[in-house]
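Shown below: data_8.cif, with mmCIF, C-alpha atoms.
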```cif
data_upload
loop_
_atom_site.label_atom_id
_atom_site.label_comp_id
_atom_site.auth_asym_id
_atom_site.auth_seq_id
_atom_site.Cartn_x
_atom_site.Cartn_y
_atom_site.Cartn_z
CA MET A 1160 -8.46 10.57 1.60
CA THR A 1161 -6.79 12.18 4.59
CA ASP A 1162 -5.62 15.72 4.08
CA SER A 1163 -2.29 15.86 5.86
CA SER A 1164 -2.41 19.65 6.07
CA VAL A 1165 -5.26 19.43 8.56
CA PRO A 1166 -4.07 18.77 12.10
CA GLN A 1167 -5.03 15.24 13.08
CA ASP A 1168 -5.47 13.59 16.41
CA ALA A 1169 -4.66 10.30 14.83
CA VAL A 1170 -2.64 8.58 12.18
CA VAL A 1171 -4.99 6.80 9.82
CA ILE A 1172 -3.42 4.61 7.18
CA GLU A 1173 -5.24 2.48 4.69
CA ARG A 1174 -3.40 -0.30 2.87
CA SER A 1175 -4.37 -3.32 0.96
CA PHE A 1176 -2.37 -6.53 1.03
CA ASP A 1177 -2.21 -9.49 -1.30
CA ALA A 1178 -3.17 -11.94 1.44
CA PRO A 1179 -6.38 -13.12 3.09
CA PRO A 1180 -7.54 -11.48 6.36
CA ALA A 1181 -6.62 -14.58 8.40
CA LEU A 1182 -2.98 -14.17 7.43
CA ILE A 1183 -2.95 -10.42 8.14
CA TRP A 1184 -4.51 -11.22 11.52
CA GLN A 1185 -1.58 -13.56 12.23
CA MET A 1186 0.82 -10.75 11.33
CA TRP A 1187 -0.58 -8.76 14.27
CA THR A 1188 -1.27 -11.48 16.79
CA GLU A 1189 1.48 -14.10 16.46
CA PRO A 1190 4.87 -12.99 17.80
CA GLU A 1191 6.75 -15.08 15.25
CA HIS A 1192 5.14 -13.12 12.40
CA PHE A 1193 4.88 -9.78 14.22
CA LYS A 1194 8.63 -9.65 14.81
CA GLU A 1195 9.28 -9.94 11.09
CA TRP A 1196 7.71 -6.64 10.12
CA TYR A 1197 7.08 -4.46 13.16
CA GLY A 1198 10.55 -2.98 13.56
CA PRO A 1199 11.11 -0.04 11.23
CA ASP A 1200 14.38 -0.08 9.28
CA GLY A 1201 17.32 -0.86 11.55
CA VAL A 1202 15.10 -1.90 14.42
CA THR A 1203 14.57 -5.46 15.56
CA VAL A 1204 11.89 -6.84 17.84
CA PRO A 1205 13.60 -9.29 20.22
CA VAL A 1206 10.58 -9.62 22.51
CA ALA A 1207 6.86 -9.72 21.69
CA LYS A 1208 4.62 -11.19 24.37
CA MET A 1209 0.97 -11.17 23.39
CA ASP A 1210 -1.97 -12.43 25.36
CA VAL A 1211 -4.43 -11.75 22.58
CA ARG A 1212 -7.83 -11.61 24.29
CA ALA A 1213 -9.84 -8.69 25.63
CA GLY A 1214 -8.10 -7.61 28.83
CA GLY A 1215 -4.93 -9.52 27.94
CA THR A 1216 -1.62 -7.67 28.09
CA ARG A 1217 1.16 -7.21 25.61
CA LEU A 1218 4.84 -6.35 25.96
CA VAL A 1219 6.99 -5.49 22.98
CA CYS A 1220 10.67 -4.62 22.90
CA MET A 1221 12.26 -2.73 20.04
CA GLU A 1222 16.02 -2.79 19.79
CA MET A 1223 18.06 -0.40 17.69
CA ASP A 1224 21.73 -0.13 16.98
CA THR A 1225 22.80 3.43 17.77
CA PRO A 1226 26.28 5.00 17.79
CA GLY A 1227 26.05 4.79 21.58
CA GLY A 1228 25.37 1.06 21.47
CA LEU A 1229 22.24 -1.05 21.44
CA ARG A 1230 19.22 0.81 22.69
CA ARG A 1231 16.09 -0.99 23.85
CA MET A 1232 12.64 0.52 24.14
CA TRP A 1233 9.73 -1.30 25.76
CA PHE A 1234 6.05 -0.87 25.12
CA THR A 1235 3.21 -2.36 27.08
CA GLY A 1236 -0.54 -2.28 26.67
CA GLU A 1237 -3.80 -4.10 26.90
CA TYR A 1238 -6.00 -5.70 24.27
CA ARG A 1239 -9.40 -4.07 24.29
CA GLU A 1240 -11.20 -5.67 21.36
CA VAL A 1241 -10.32 -8.94 19.72
CA VAL A 1242 -12.50 -10.02 16.81
CA PRO A 1243 -10.40 -12.54 14.90
CA ASN A 1244 -9.67 -11.63 11.28
CA GLN A 1245 -11.69 -8.41 11.59
CA ARG A 1246 -10.85 -6.01 14.36
CA LEU A 1247 -8.06 -5.62 16.89
CA VAL A 1248 -7.84 -2.78 19.40
CA TYR A 1249 -5.02 -2.40 21.89
CA THR A 1250 -3.45 0.33 23.97
CA GLU A 1251 0.21 1.20 24.01
CA SER A 1252 2.39 2.97 26.56
CA MET A 1253 6.13 3.22 26.90
CA SER A 1254 7.32 1.03 29.73
CA ASP A 1255 10.27 -0.71 31.32
CA GLN A 1256 11.06 -4.35 30.61
CA ASN A 1257 8.62 -5.45 33.29
CA GLY A 1258 5.74 -3.57 31.73
CA ASN A 1259 5.72 -0.70 34.25
CA VAL A 1260 4.45 2.35 32.38
CA LEU A 1261 6.89 5.26 32.03
CA SER A 1262 6.12 8.86 31.19
CA PRO A 1263 6.90 9.82 27.57
CA ALA A 1264 8.56 13.04 28.76
CA ASP A 1265 10.95 11.07 31.01
CA LEU A 1266 11.98 9.05 27.98
CA GLY A 1267 12.80 12.14 25.97
CA MET A 1268 9.74 12.11 23.76
CA PRO A 1269 8.71 15.50 22.41
CA PRO A 1270 6.04 17.45 24.26
CA GLY A 1271 2.54 16.53 23.27
CA HIS A 1272 3.08 12.80 23.22
CA PRO A 1273 0.20 11.17 25.07
CA ALA A 1274 1.15 8.65 27.76
CA THR A 1275 -1.25 6.11 26.30
CA THR A 1276 -2.17 5.63 22.70
CA GLU A 1277 -4.62 3.27 21.10
CA VAL A 1278 -4.07 1.22 17.99
CA ILE A 1279 -7.08 0.05 16.01
CA VAL A 1280 -6.65 -2.44 13.20
CA GLU A 1281 -9.63 -3.10 10.96
CA LEU A 1282 -9.53 -5.78 8.30
CA GLN A 1283 -11.87 -6.12 5.40
CA ASP A 1284 -12.03 -9.26 3.29
CA LEU A 1285 -11.64 -8.46 -0.41
CA GLY A 1286 -11.52 -12.08 -1.55
CA SER A 1287 -7.86 -13.08 -1.71
CA ARG A 1288 -6.84 -9.57 -0.72
CA THR A 1289 -7.35 -7.64 2.50
CA LYS A 1290 -7.99 -3.99 3.10
CA MET A 1291 -6.47 -2.87 6.36
CA VAL A 1292 -7.21 0.41 8.12
CA LEU A 1293 -4.87 1.37 10.92
CA THR A 1294 -5.82 4.10 13.36
CA HIS A 1295 -3.28 5.18 15.95
CA THR A 1296 -4.62 7.78 18.31
CA GLY A 1297 -3.98 9.39 21.68
CA ILE A 1298 -6.38 8.66 24.48
CA PRO A 1299 -7.03 10.51 27.70
CA ALA A 1300 -6.44 8.54 30.87
CA ASP A 1301 -10.06 8.16 31.97
CA SER A 1302 -11.46 7.32 28.58
CA ALA A 1303 -13.05 3.98 27.88
CA GLY A 1304 -11.82 4.22 24.33
CA ALA A 1305 -10.54 6.45 21.63
CA ALA A 1306 -13.78 6.67 19.71
CA GLY A 1307 -15.25 9.59 21.61
CA TRP A 1308 -11.96 11.37 21.58
CA ALA A 1309 -11.48 10.91 17.88
CA MET A 1310 -15.03 12.00 17.15
CA ALA A 1311 -14.63 15.18 19.17
CA PHE A 1312 -11.45 15.95 17.32
CA ARG A 1313 -12.96 15.34 13.94
CA LYS A 1314 -15.70 17.82 14.67
CA LEU A 1315 -13.11 20.30 15.80
CA ALA A 1316 -10.87 19.69 12.81
CA ALA A 1317 -13.13 21.58 10.44
CA HIS A 1318 -13.12 24.53 12.78
CA VAL A 1319 -9.35 24.36 13.25
CA GLU A 1320 -8.87 24.26 9.51
CA ALA A 1321 -11.06 27.31 8.99
CA GLN A 1322 -9.24 29.22 11.71
CA GLY A 1323 -5.80 28.14 10.55
CA ARG A 1324 -6.30 29.08 6.93
CA GLY A 1325 -4.01 31.94 6.02
CA SER A 1326 -2.35 32.01 9.44
CA ALA A 1327 -0.14 28.97 8.88
CA GLY A 1328 3.56 29.82 8.44
CA MET B 202 17.54 24.85 31.87
CA THR B 203 14.98 24.02 29.23
CA PRO B 204 11.65 25.61 29.98
CA VAL B 205 8.98 23.05 30.66
CA THR B 206 6.11 25.47 30.15
CA ASP B 207 5.10 23.96 26.82
CA GLU B 208 4.89 20.54 28.38
CA ASP B 209 2.97 21.85 31.36
CA ARG B 210 0.46 23.46 29.07
CA LEU B 211 0.11 20.26 27.10
CA SER B 212 -0.48 18.28 30.26
CA GLU B 213 -3.20 20.75 31.07
CA THR B 214 -4.67 20.32 27.60
CA PHE B 215 -4.74 16.56 28.01
CA ALA B 216 -6.27 16.87 31.47
CA ALA B 217 -8.92 19.20 30.09
CA LEU B 218 -9.71 16.75 27.30
CA ALA B 219 -9.93 13.80 29.68
CA SER B 220 -13.63 14.37 30.23
CA SER B 221 -16.36 13.40 27.82
CA THR B 222 -18.47 16.37 28.99
CA ARG B 223 -15.66 18.83 28.24
CA ARG B 224 -15.04 17.24 24.87
CA ALA B 225 -18.74 17.58 24.12
CA ILE B 226 -18.62 21.24 25.18
CA LEU B 227 -15.73 21.80 22.76
CA ALA B 228 -17.60 20.04 19.98
CA ARG B 229 -20.58 22.32 20.64
CA LEU B 230 -18.34 25.39 20.60
CA ALA B 231 -16.79 24.25 17.33
CA GLN B 232 -20.17 25.13 15.82
CA GLY B 233 -20.10 28.64 17.24
CA GLU B 234 -19.85 30.55 20.50
CA ALA B 235 -22.36 29.98 23.27
CA ASN B 236 -22.99 31.23 26.76
CA VAL B 237 -23.11 29.13 29.89
CA ASN B 238 -26.89 28.81 29.78
CA GLU B 239 -26.83 27.57 26.22
CA LEU B 240 -24.08 25.10 27.05
CA ALA B 241 -25.82 23.77 30.14
CA GLY B 242 -29.02 22.86 28.29
CA PRO B 243 -28.03 19.88 26.15
CA PHE B 244 -25.75 18.44 28.82
CA ASP B 245 -28.35 18.32 31.58
CA LEU B 246 -25.91 19.90 34.01
CA THR B 247 -26.35 22.60 36.62
CA LEU B 248 -24.91 26.02 35.88
CA PRO B 249 -22.21 25.70 38.58
CA ALA B 250 -21.20 22.32 37.15
CA ILE B 251 -20.93 23.63 33.63
CA SER B 252 -19.05 26.71 34.86
CA LYS B 253 -16.52 24.44 36.51
CA HIS B 254 -15.93 22.55 33.26
CA ILE B 255 -15.56 25.82 31.37
CA LYS B 256 -12.98 27.08 33.86
CA VAL B 257 -10.89 23.95 33.28
CA LEU B 258 -11.12 24.52 29.51
CA GLU B 259 -10.20 28.18 29.97
CA ARG B 260 -7.13 27.32 32.02
CA ALA B 261 -6.02 24.96 29.27
CA GLY B 262 -6.45 27.77 26.75
CA LEU B 263 -9.07 25.84 24.81
CA VAL B 264 -11.87 28.26 25.56
CA VAL B 265 -11.83 32.02 25.71
CA ARG B 266 -14.62 33.99 27.36
CA SER B 267 -15.53 37.37 26.06
CA GLN B 268 -15.64 40.24 28.55
CA ARG B 269 -17.71 42.38 26.25
CA ALA B 270 -21.19 41.25 27.16
CA GLN B 271 -22.82 40.47 30.45
CA TYR B 272 -23.55 36.91 29.41
CA ARG B 273 -19.86 36.40 28.48
CA PRO B 274 -20.09 33.98 25.58
CA CYS B 275 -17.54 31.16 25.37
CA ALA B 276 -15.59 30.53 22.19
CA LEU B 277 -13.28 27.75 21.14
CA ASP B 278 -9.55 28.43 20.77
CA PRO B 279 -8.16 25.51 18.77
CA ALA B 280 -4.46 26.46 19.14
CA PRO B 281 -3.66 23.96 21.93
CA LEU B 282 -5.31 21.19 19.91
CA GLU B 283 -2.91 21.75 17.08
CA GLU B 284 0.02 21.15 19.42
CA VAL B 285 -1.63 18.03 20.76
CA SER B 286 -2.18 16.63 17.30
CA ALA B 287 1.43 17.12 16.19
CA TRP B 288 2.61 13.90 17.85
CA ALA B 289 0.47 11.75 15.61
CA GLU B 290 2.14 12.76 12.36
CA GLN B 291 5.50 11.55 13.70
CA TYR B 292 4.12 8.04 13.61
CA ARG B 293 2.91 8.07 10.03
CA PRO B 294 6.27 7.32 8.37
CA VAL B 295 7.01 4.66 10.99
CA TRP B 296 3.78 2.80 10.24
CA GLU B 297 4.24 3.23 6.48
CA ALA B 298 7.71 1.65 6.76
CA ARG B 299 6.32 -1.20 8.84
CA PHE B 300 3.60 -1.97 6.34
CA ASP B 301 6.13 -1.95 3.51
CA GLN B 302 7.97 -4.59 5.49
CA MET B 303 4.78 -6.53 6.11
CA ASP B 304 4.23 -6.55 2.38
CA ASP B 305 7.76 -7.84 1.76
CA TYR B 306 7.38 -10.46 4.47
CA LEU B 307 4.07 -11.67 2.99
CA THR B 308 5.77 -12.02 -0.38
CA ARG B 309 8.57 -14.06 1.23
CA LEU B 310 6.04 -16.28 3.00
CA ARG B 311 4.15 -16.85 -0.21
CA SER B 312 7.21 -17.89 -2.15
CA GLN B 313 8.28 -20.23 0.68
CA ARG B 314 4.88 -21.87 0.66
CA THR B 315 4.92 -22.22 -3.07
CA ASP B 316 8.36 -23.87 -2.85
CA LYS B 317 7.20 -26.28 -0.15
CA HIS B 318 3.98 -27.34 -1.76
CA ASP B 319 5.26 -26.98 -5.26
CA ASP B 320 1.95 -25.77 -6.62
#
```
Do you think you could lay out the structure here as structure tokens?
Amino acid sequence: MTDSSVPQDAVVIERSFDAPPALIWQMWTEPEHFKEWYGPDGVTVPVAKMDVRAGGTRLVCMEMDTPGGLRRMWFTGEYREVVPNQRLVYTESMSDQNGNVLSPADLGMPPGHPATTEVIVELQDLGSRTKMVLTHTGIPADSAGAAGWAMAFRKLAAHVEAQGRGSAG
Amino acid sequence: MTPVTDEDRLSETFAALASSTRRAILARLAQGEANVNELAGPFDLTLPAISKHIKVLERAGLVVRSQRAQYRPCALDPAPLEEVSAWAEQYRPVWEARFDQMDDYLTRLRSQRTDKHDD
């Protein structure tokens, strides 16, 4: 169980779905399915280009209806690990429609938003059901992956928690 | 004009964290303070090299060095890390909403398939 009061370097969400891993895999890797669920409420996904293989690129557009008109946001990234029905790892950065990476600050994101994040999807076969663990984490530019980063943070988290106890507002 | 100092400091934090050696130094300091000699040992680095890494961490505010003793022990200051980690929580409700929708979509797919195959 994740204690949300402890500062985290990552969002970790565990869910289980009433579907086999192969179908959950399709949810992530086939644009036709991906578009059906990926947009949060009020957001559609008009474009999802996915070259699902290690080193392959992705480009996703999210479109939202705002009082100022339709607003489009583009995200690009690269697939880093592709193990069908088990494990998917890809990076994500905000970009323009051609996949040129843009700085989060330029796009009005709050301070502290890393330029590149990594999404890790792990699927576990529970018979007709699937347990899915999503990890969405920030990665430093020169890092080969988020694992080392996340591990360093986890070790620090205990310390941060001890220090922060009683001083939190 | 909005001050950009917060953002500058965060960039510095990210830059400081963009090195596996510096992350390892922080992990070591999370267990307690240590001086440069103690830090250099496990990393198989020269003292000047380790000092350079520590200076980067100091500039980012992640490490404070005591002036009280000659060996100037280094200690971890986790405050900048808390700012860095704040971004992640903004994504939690977004992902939760997406997975609710995935659930709904899977249910729709299932009922369509049942209709088609009539089993």
How far is it from atom CA of A:Ala1169 to atom CA of B:Ala289, in Å with one decimal?
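That distance, rounded to one decimal, is 5.4 Å.
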Distance of atom CA of A:Pro1263 from atom CA of B:Ala261, expressed in Å to one decimal place:
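If I compute the distance from atom CA of B:Ala261 to atom CA of A:Pro1263, I get 20.0 Å.
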Out of A:Asp1224, A:Asp1177, A:Ser1287, A:Met1209, which residue has the shortest atom-to-atom distance to A:Glu1191 when counting only C-alpha atoms?
A:Met1209
Just how far from atom CA of A:Phe1234 is atom CA of B:Tyr306, in Å to one decimal?
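Taking atom CA of B:Tyr306 and atom CA of A:Phe1234, their separation equals 22.8 Å.
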Compare B:Arg314, B:Arg293, B:Arg309, B:Arg260 by their minimum atom-to-atom distance to chain A, counting only C-alpha atoms, and give me the closest one.
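Closest to chain A of all the choices is B:Arg293.
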For a quick check of understanding, using only C-alpha atoms, which of A:Thr1296, A:Thr1250, A:Asn1244, A:Thr1275 has the smallest distance to chain B?
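Among the listed residues, the smallest separation from chain B belongs to A:Thr1296.
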Option closest in space to A:Pro1199, from A:Met1223, A:Ala1213, A:Met1232, A:Met1186 [counting all atoms listed in the file]
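When distances to A:Pro1199 are compared using all atoms listed in the file, the smallest one comes from A:Met1223.
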As a CSV table (one decimal) with C-alpha atoms, in the frame of the given file, please: the residues near B:Val264 (cut-off 8 Å, only C-alpha atoms, same-chain neighbours under 5 positions excluded).
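So out.csv came out as:
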```csv
chain,number,residue,atom,x,y,z
B,255,ILE,CA,-15.6,25.8,31.4
B,258,LEU,CA,-11.1,24.5,29.5
B,259,GLU,CA,-10.2,28.2,30.0
B,275,CYS,CA,-17.5,31.2,25.4
B,276,ALA,CA,-15.6,30.5,22.2
B,277,LEU,CA,-13.3,27.8,21.1
B,278,ASP,CA,-9.6,28.4,20.8
```
Top pick for closest residue to chain B, considering A:Gly1258, A:Gly1215, A:Gly1297, A:Pro1180 and counting only C-alpha atoms:
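Among A:Gly1258, A:Gly1215, A:Gly1297, A:Pro1180, it is A:Gly1297 that comes nearest to chain B.
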Apply the PyMOL selection byres ((chain B and resi 234-251) around 6) to the structure shown and report the selected residues as a list in words.
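So the PyMOL selection byres ((chain B and resi 234-251) around 6) ends up selecting Leu230, Gly233, Ser252, Lys253, His254, Pro274, Cys275 and Ala276 of chain B.
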Return the single residue from A:Gly1227, A:Gly1201, A:Gly1286, A:Gly1214 that is closest to chain B, with distances computed using only C-alpha atoms.
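Of all the options, A:Gly1201 lies closest to chain B.
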